[in-house]
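Source file: upload-v3.cif; contents: mmCIF, C-alpha atoms.
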```cif
data_final
loop_
_atom_site.label_atom_id
_atom_site.label_comp_id
_atom_site.auth_asym_id
_atom_site.auth_seq_id
_atom_site.Cartn_x
_atom_site.Cartn_y
_atom_site.Cartn_z
CA MET A 1 62.47 191.16 80.24
CA ASN A 2 60.86 188.35 78.23
CA LYS A 3 62.80 185.12 78.39
CA LYS A 4 63.53 183.29 75.11
CA VAL A 5 64.33 179.57 74.85
CA HIS A 6 65.31 177.55 71.76
CA CYS A 7 65.33 173.75 71.65
CA THR A 8 65.39 170.94 69.11
CA SER A 9 62.66 168.32 69.08
CA HIS A 10 63.77 165.02 67.53
CA ALA A 11 61.77 162.47 65.55
CA LYS A 12 61.52 158.88 66.76
CA ILE A 13 61.32 155.51 65.07
CA ASN A 14 60.17 152.16 66.46
CA LEU A 15 62.83 149.47 66.05
CA THR A 16 60.22 147.02 67.33
CA LEU A 17 56.51 147.43 67.99
CA GLU A 18 54.36 144.66 69.46
CA VAL A 19 50.72 144.91 70.49
CA VAL A 20 50.27 142.54 73.41
CA LYS A 21 46.54 142.88 74.18
CA LYS A 22 43.60 145.24 74.35
CA LEU A 23 42.94 146.65 77.82
CA SER A 24 39.56 147.28 79.45
CA ASN A 25 40.10 151.07 79.21
CA GLY A 26 40.21 150.87 75.40
CA TYR A 27 43.97 151.32 75.15
CA HIS A 28 46.39 148.55 74.16
CA GLU A 29 49.31 147.09 76.06
CA LEU A 30 52.47 147.53 74.00
CA ARG A 31 56.10 146.52 73.87
CA THR A 32 58.38 148.68 71.75
CA VAL A 33 61.98 149.80 71.42
CA MET A 34 62.03 153.44 70.37
CA MET A 35 64.95 155.54 69.24
CA GLN A 36 65.33 159.26 68.60
CA LEU A 37 66.82 160.24 65.24
CA PRO A 38 69.86 162.53 65.58
CA HIS A 39 69.51 164.24 62.18
CA LEU A 40 65.74 164.77 61.89
CA TYR A 41 64.20 167.32 64.23
CA ASP A 42 61.90 170.33 64.55
CA ASP A 43 62.94 173.66 66.02
CA VAL A 44 60.89 174.84 69.00
CA ASP A 45 61.24 178.48 70.08
CA VAL A 46 59.50 179.78 73.19
CA VAL A 47 59.14 183.33 74.47
CA PHE A 48 57.85 183.54 78.05
CA LEU A 49 55.65 186.57 78.79
CA ASP A 50 55.54 186.97 82.57
CA ASN A 51 52.63 189.41 82.72
CA GLU A 52 50.34 187.39 80.44
CA LYS A 53 48.54 184.05 80.50
CA ASN A 54 47.84 183.37 76.81
CA ILE A 55 49.43 180.53 74.83
CA VAL A 56 50.02 181.59 71.22
CA ILE A 57 51.34 179.01 68.75
CA THR A 58 52.66 179.64 65.24
CA CYS A 59 53.85 176.95 62.83
CA ASP A 60 55.33 176.95 59.32
CA ASN A 61 53.31 173.81 58.41
CA PRO A 62 49.64 174.73 57.76
CA ALA A 63 48.57 171.12 58.41
CA VAL A 64 49.54 171.46 62.08
CA PRO A 65 46.82 172.98 64.32
CA THR A 66 47.87 176.10 66.25
CA ASP A 67 44.87 176.28 68.61
CA GLU A 68 44.11 174.31 71.77
CA ASN A 69 44.23 171.10 69.71
CA ASN A 70 48.00 171.45 69.34
CA ILE A 71 49.80 169.07 71.67
CA CYS A 72 52.07 171.90 72.92
CA HIS A 73 48.98 173.81 74.04
CA LYS A 74 47.58 170.70 75.74
CA VAL A 75 50.74 169.91 77.72
CA ALA A 76 51.18 173.54 78.80
CA GLN A 77 47.58 173.63 80.09
CA LYS A 78 48.10 170.34 81.95
CA PHE A 79 51.33 171.69 83.47
CA PHE A 80 49.54 174.82 84.69
CA GLU A 81 46.64 172.78 86.14
CA TYR A 82 49.02 170.38 87.90
CA THR A 83 51.34 173.04 89.35
CA GLY A 84 48.97 175.97 89.85
CA LYS A 85 51.46 178.14 87.97
CA GLY A 86 50.82 180.27 84.87
CA VAL A 87 52.77 182.26 82.33
CA GLY A 88 52.18 183.62 78.82
CA MET A 89 53.92 181.72 76.01
CA ASN A 90 54.60 182.44 72.37
CA ILE A 91 55.56 179.09 70.82
CA SER A 92 57.02 178.96 67.31
CA LEU A 93 57.34 175.56 65.62
CA THR A 94 59.57 175.02 62.58
CA LYS A 95 58.54 171.59 61.35
CA ARG A 96 60.74 169.08 59.52
CA ILE A 97 59.18 165.92 60.95
CA PRO A 98 56.16 164.93 58.82
CA ALA A 99 52.82 165.13 60.64
CA ALA A 100 50.77 161.98 61.39
CA ALA A 101 53.62 159.81 60.12
CA GLY A 102 54.48 157.45 63.00
CA MET A 103 57.52 159.54 63.98
CA GLY A 104 56.20 161.25 67.11
CA GLY A 105 56.65 164.81 65.85
CA GLY A 106 53.84 166.30 67.92
CA SER A 107 54.74 164.27 71.00
CA SER A 108 58.37 165.33 70.70
CA ASN A 109 57.29 169.00 70.50
CA GLY A 110 55.09 168.53 73.57
CA ALA A 111 57.92 166.92 75.54
CA GLN A 112 60.18 169.90 74.87
CA ILE A 113 57.48 172.33 76.01
CA LEU A 114 57.08 170.41 79.29
CA LEU A 115 60.83 170.36 79.91
CA THR A 116 61.09 174.06 79.07
CA LEU A 117 58.23 174.92 81.44
CA ASN A 118 59.76 172.82 84.21
CA ASP A 119 63.07 174.65 83.72
CA HIS A 120 61.28 178.02 83.76
CA PHE A 121 59.71 177.17 87.12
CA SER A 122 62.98 175.85 88.65
CA GLN A 123 62.27 172.11 88.29
CA ILE A 124 58.96 172.30 90.15
CA LEU A 125 58.06 168.78 88.96
CA SER A 126 60.02 165.58 89.63
CA GLN A 127 60.79 163.18 86.76
CA GLU A 128 57.88 160.97 87.88
CA GLU A 129 55.47 163.91 88.00
CA ILE A 130 56.48 165.22 84.59
CA ILE A 131 55.94 161.74 83.12
CA ASP A 132 52.46 161.65 84.70
CA VAL A 133 51.58 165.03 83.17
CA ALA A 134 52.98 163.95 79.78
CA ALA A 135 51.18 160.59 79.73
CA SER A 136 47.85 162.26 80.54
CA VAL A 137 48.14 164.10 77.18
CA GLY A 138 49.85 161.51 74.96
CA LYS A 139 51.10 158.02 75.79
CA ASP A 140 54.31 158.30 73.72
CA ILE A 141 55.42 161.69 75.11
CA PRO A 142 57.32 160.20 78.12
CA PHE A 143 59.72 158.38 75.78
CA PHE A 144 61.24 161.73 74.82
CA PHE A 145 62.46 162.16 78.40
CA ALA A 146 64.76 159.11 78.03
CA LYS A 147 68.18 160.75 78.39
CA SER A 148 70.05 158.33 76.13
CA GLY A 149 67.66 158.70 73.18
CA CYS A 150 66.64 155.04 73.08
CA ALA A 151 64.46 152.95 75.37
CA LEU A 152 62.41 149.83 75.88
CA ILE A 153 58.86 151.06 76.39
CA GLU A 154 56.03 149.07 77.96
CA GLY A 155 52.53 149.60 79.40
CA MET A 156 50.31 151.69 77.12
CA GLY A 157 53.42 153.26 75.62
CA GLU A 158 54.16 155.53 78.57
CA LYS A 159 56.43 153.34 80.74
CA ILE A 160 60.20 153.58 80.21
CA ALA A 161 61.17 150.03 81.22
CA GLU A 162 64.86 150.44 80.34
CA SER A 163 66.94 153.29 78.92
CA LEU A 164 69.46 152.26 76.28
CA ILE A 165 72.39 153.90 74.56
CA ALA A 166 71.11 154.60 71.04
CA PRO A 167 72.94 152.54 68.40
CA GLN A 168 74.87 154.50 65.76
CA LEU A 169 72.98 153.71 62.56
CA HIS A 170 72.86 155.01 58.98
CA ILE A 171 69.12 155.59 58.57
CA LEU A 172 67.11 156.77 55.58
CA VAL A 173 63.54 157.87 56.31
CA VAL A 174 60.87 157.80 53.59
CA ASN A 175 57.30 159.02 54.05
CA PRO A 176 54.96 158.47 51.07
CA LEU A 177 52.57 161.18 52.33
CA VAL A 178 49.82 158.67 53.04
CA GLU A 179 47.89 159.27 56.26
CA VAL A 180 47.25 156.20 58.40
CA SER A 181 44.69 156.62 61.17
CA THR A 182 46.06 155.18 64.41
CA PRO A 183 42.60 154.13 65.71
CA TRP A 184 41.95 152.37 62.39
CA ALA A 185 45.34 150.61 62.57
CA PHE A 186 44.63 149.29 66.07
CA GLY A 187 41.15 148.18 65.00
CA ALA A 188 42.53 146.38 61.94
CA LEU A 189 45.09 144.45 64.01
CA ALA A 190 42.52 142.14 65.61
CA LYS A 191 41.62 140.72 62.19
CA HIS A 192 45.23 139.84 61.39
CA LEU A 193 47.01 139.05 64.66
CA TRP A 194 45.29 135.97 66.01
CA PHE A 195 48.46 135.31 68.04
CA MET A 196 48.44 138.74 69.72
CA THR A 197 47.67 137.49 73.25
CA ASP A 198 49.41 134.10 72.99
CA PRO A 199 51.75 133.74 76.02
CA GLU A 200 54.13 131.62 73.92
CA ARG A 201 54.71 134.53 71.60
CA LYS A 202 58.36 135.62 71.36
CA ASN A 203 59.20 138.94 73.05
CA ARG A 204 60.80 140.77 70.10
CA SER A 205 61.30 143.99 72.04
CA GLN A 206 63.22 142.30 74.84
CA GLU A 207 65.34 140.56 72.19
CA MET A 208 66.11 143.93 70.54
CA THR A 209 66.93 145.43 73.97
CA ASP A 210 69.45 142.65 74.64
CA ILE A 211 71.01 143.13 71.18
CA ILE A 212 71.44 146.89 71.67
CA ARG A 213 72.81 146.42 75.19
CA LYS A 214 75.46 144.04 73.80
CA ASN A 215 76.23 146.53 70.98
CA LYS A 216 75.38 143.96 68.31
CA LYS A 217 73.78 144.72 64.92
CA SER A 218 70.14 145.61 65.43
CA ALA A 219 68.99 145.59 61.77
CA PRO A 220 68.13 141.84 61.60
CA TYR A 221 65.79 142.17 64.61
CA LEU A 222 63.43 144.91 63.34
CA TYR A 223 59.77 144.03 63.87
CA ASN A 224 56.37 145.78 63.67
CA ASP A 225 52.96 144.16 64.23
CA PHE A 226 51.19 146.91 62.28
CA GLU A 227 52.84 146.18 58.93
CA ILE A 228 50.51 143.35 57.89
CA ALA A 229 47.32 145.44 58.23
CA VAL A 230 48.75 148.73 56.95
CA PHE A 231 50.48 147.16 53.92
CA ALA A 232 47.21 145.49 52.89
CA LYS A 233 45.39 148.85 52.87
CA HIS A 234 48.27 151.02 51.57
CA PRO A 235 50.47 149.00 49.15
CA VAL A 236 52.70 152.04 48.45
CA ILE A 237 54.10 151.76 51.99
CA SER A 238 55.06 148.13 51.33
CA GLU A 239 56.58 149.24 48.02
CA VAL A 240 58.79 151.79 49.79
CA LYS A 241 60.08 149.07 52.12
CA GLN A 242 60.85 146.79 49.17
CA VAL A 243 62.69 149.56 47.31
CA LEU A 244 64.86 150.37 50.35
CA LEU A 245 65.83 146.70 50.58
CA ALA A 246 66.52 146.58 46.84
CA PHE A 247 68.95 149.49 47.15
CA GLY A 248 70.99 147.84 49.86
CA ALA A 249 69.32 148.45 53.20
CA GLN A 250 70.31 145.77 55.71
CA ASN A 251 66.68 145.86 56.75
CA ALA A 252 63.71 148.22 56.60
CA LEU A 253 60.61 148.73 58.72
CA MET A 254 57.49 150.85 58.99
CA SER A 255 57.61 153.09 62.06
CA GLY A 256 54.68 153.17 64.48
CA SER A 257 51.32 152.66 62.82
CA GLY A 258 52.69 154.27 59.65
CA SER A 259 53.17 155.66 57.17
CA THR A 260 56.92 156.33 57.44
CA VAL A 261 59.36 153.57 56.49
CA PHE A 262 63.03 153.64 57.44
CA GLY A 263 65.97 151.67 56.09
CA ILE A 264 69.18 150.86 57.97
CA PHE A 265 72.31 150.89 55.80
CA GLY A 266 75.73 149.47 56.56
CA LEU A 267 77.62 152.26 54.82
CA GLU A 268 76.97 155.98 54.43
CA GLU A 269 77.68 155.73 50.68
CA GLU A 270 74.88 153.15 50.30
CA LEU A 271 72.51 155.39 52.23
CA LEU A 272 73.34 158.41 50.02
CA LEU A 273 72.94 156.38 46.83
CA ALA A 274 69.53 155.08 47.98
CA LYS A 275 68.47 158.63 48.95
CA GLU A 276 69.40 159.92 45.49
CA LYS A 277 67.55 157.08 43.72
CA MET A 278 64.44 157.47 45.89
CA GLN A 279 64.31 161.23 45.37
CA ARG A 280 64.51 160.75 41.62
CA GLN A 281 61.80 158.08 41.56
CA TYR A 282 59.50 159.65 44.18
CA PRO A 283 60.01 163.42 43.97
CA GLU A 284 56.81 164.12 45.91
CA PHE A 285 57.69 161.90 48.92
CA PHE A 286 59.36 163.13 52.11
CA ILE A 287 62.88 161.64 52.12
CA ALA A 288 65.52 162.48 54.74
CA ILE A 289 68.54 161.14 56.58
CA GLY A 290 67.61 160.13 60.11
#
```
When written as structure tokens, how does the structure in this file appear?
Amino acid sequence: MNKKVHCTSHAKINLTLEVVKKLSNGYHELRTVMMQLPHLYDDVDVVFLDNEKNIVITCDNPAVPTDENNICHKVAQKFFEYTGKGVGMNISLTKRIPAAAGMGGGSSNGAQILLTLNDHFSQILSQEEIIDVAASVGKDIPFFFAKSGCALIEGMGEKIAESLIAPQLHILVVNPLVEVSTPWAFGALAKHLWFMTDPERKNRSQEMTDIIRKNKKSAPYLYNDFEIAVFAKHPVISEVKQVLLAFGAQNALMSGSGSTVFGIFGLEEELLLAKEKMQRQYPEFFIAIG
């Protein structure tokens, strides 16, 4: 009997994102507070085929690779290598999270595949081991194992420094369908952030962590190092942020290295009004409640 599993795979946003320094291995040391969005998620369906070894992936978004370049394929292969186990898998992805948009869609999918595999093999990996496997494929995959849906993340993006209870926020997500290359964004930072490695620099992520822990309003403390470089190259992303603020967002921020921008609204009515206005003005953009 083939076993079927269904799970939801949530998008993330960065409430803060600070690049602390470039490391000798080519990666960057980061500080960030990340939060999963309750209303924006992909569906991940898995059928386990016990007498097979193939991984077959289907996806309703043609822009998403379905071969060994798909992050779900990569994490499954790493899991099998690490554990010595093997099983056939048919993975079906129903995508709502925009691809390459700074919302962790692929990483979230990969995290669910790892958790599903670990369940299938009776929790063969500890939490530490599953984080090691995840981080070897993508540095932001471990965040999706944070039980409370929000966390202070450090290191290269793989270290959960503190789990937080996710604040209840009215969030509107807007993606202008511009692709921002993450390697380019990191490369562009050096030209703009002369203060990146300054020890006197304020720790915005720790500040946000303290605010969330005390259940205070987080909107005034949003911060992202990447905005200055990305806005200069892609003015439409800056425009989206300005429009969200104009329609009543308490604050707005680009997520990750772009190109998604989210606005935090005080009231649901304000959020719905902004959504309606944005959809009318930008019918081709991806616009959703987070």
Handout entry: Answer as a ChimeraX atom specification, residues within 12 Å of (51.1, 171.7, 74.5) using all atoms listed in the file
Key = /A:44,46,55-57,65-80,89-93,106-117,133-134,136-138,141
Problem - Residues within 10 Å of (68.6, 175.1, 63.3), file coords, all atoms listed in the file, listed as an MDAnalysis selection string - result: chainID A and resid 6:8 41:44 94
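Using all atoms listed in the file, the shortest contact distance between Glu269 in chain A and any of A:Leu172, A:Leu222, A:Ile211, A:Ala99 is found at A:Leu172.
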Practice task
For Thr209 in chain A, work out the shell of residues within 12 Å, counting all atoms listed in the file and skipping chain neighbours fewer than 4 positions away, then give it as a ChimeraX atom specification.
Solution key: /A:15-16,31-35,150-153,161-167,203-205,213-218,221-222
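For the atom pair formed by CA of Leu49 in chain A and CA of Gly88 in chain A, the distance is 4.6 Å, given to one decimal.
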Practice task
Within 9 Å of Met156 in chain A, counting only C-alpha atoms, which residues show up once you throw out same-chain ones fewer than 3 positions away? Write them as a list in words, please.
Solution key: Leu23, Tyr27, His28, Glu29, Leu30, Arg31, Lys139, Asp140, Ile153 and Lys159 of chain A
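CA of Glu128 in chain A is found 12.9 Å from CA of Tyr82 in chain A.
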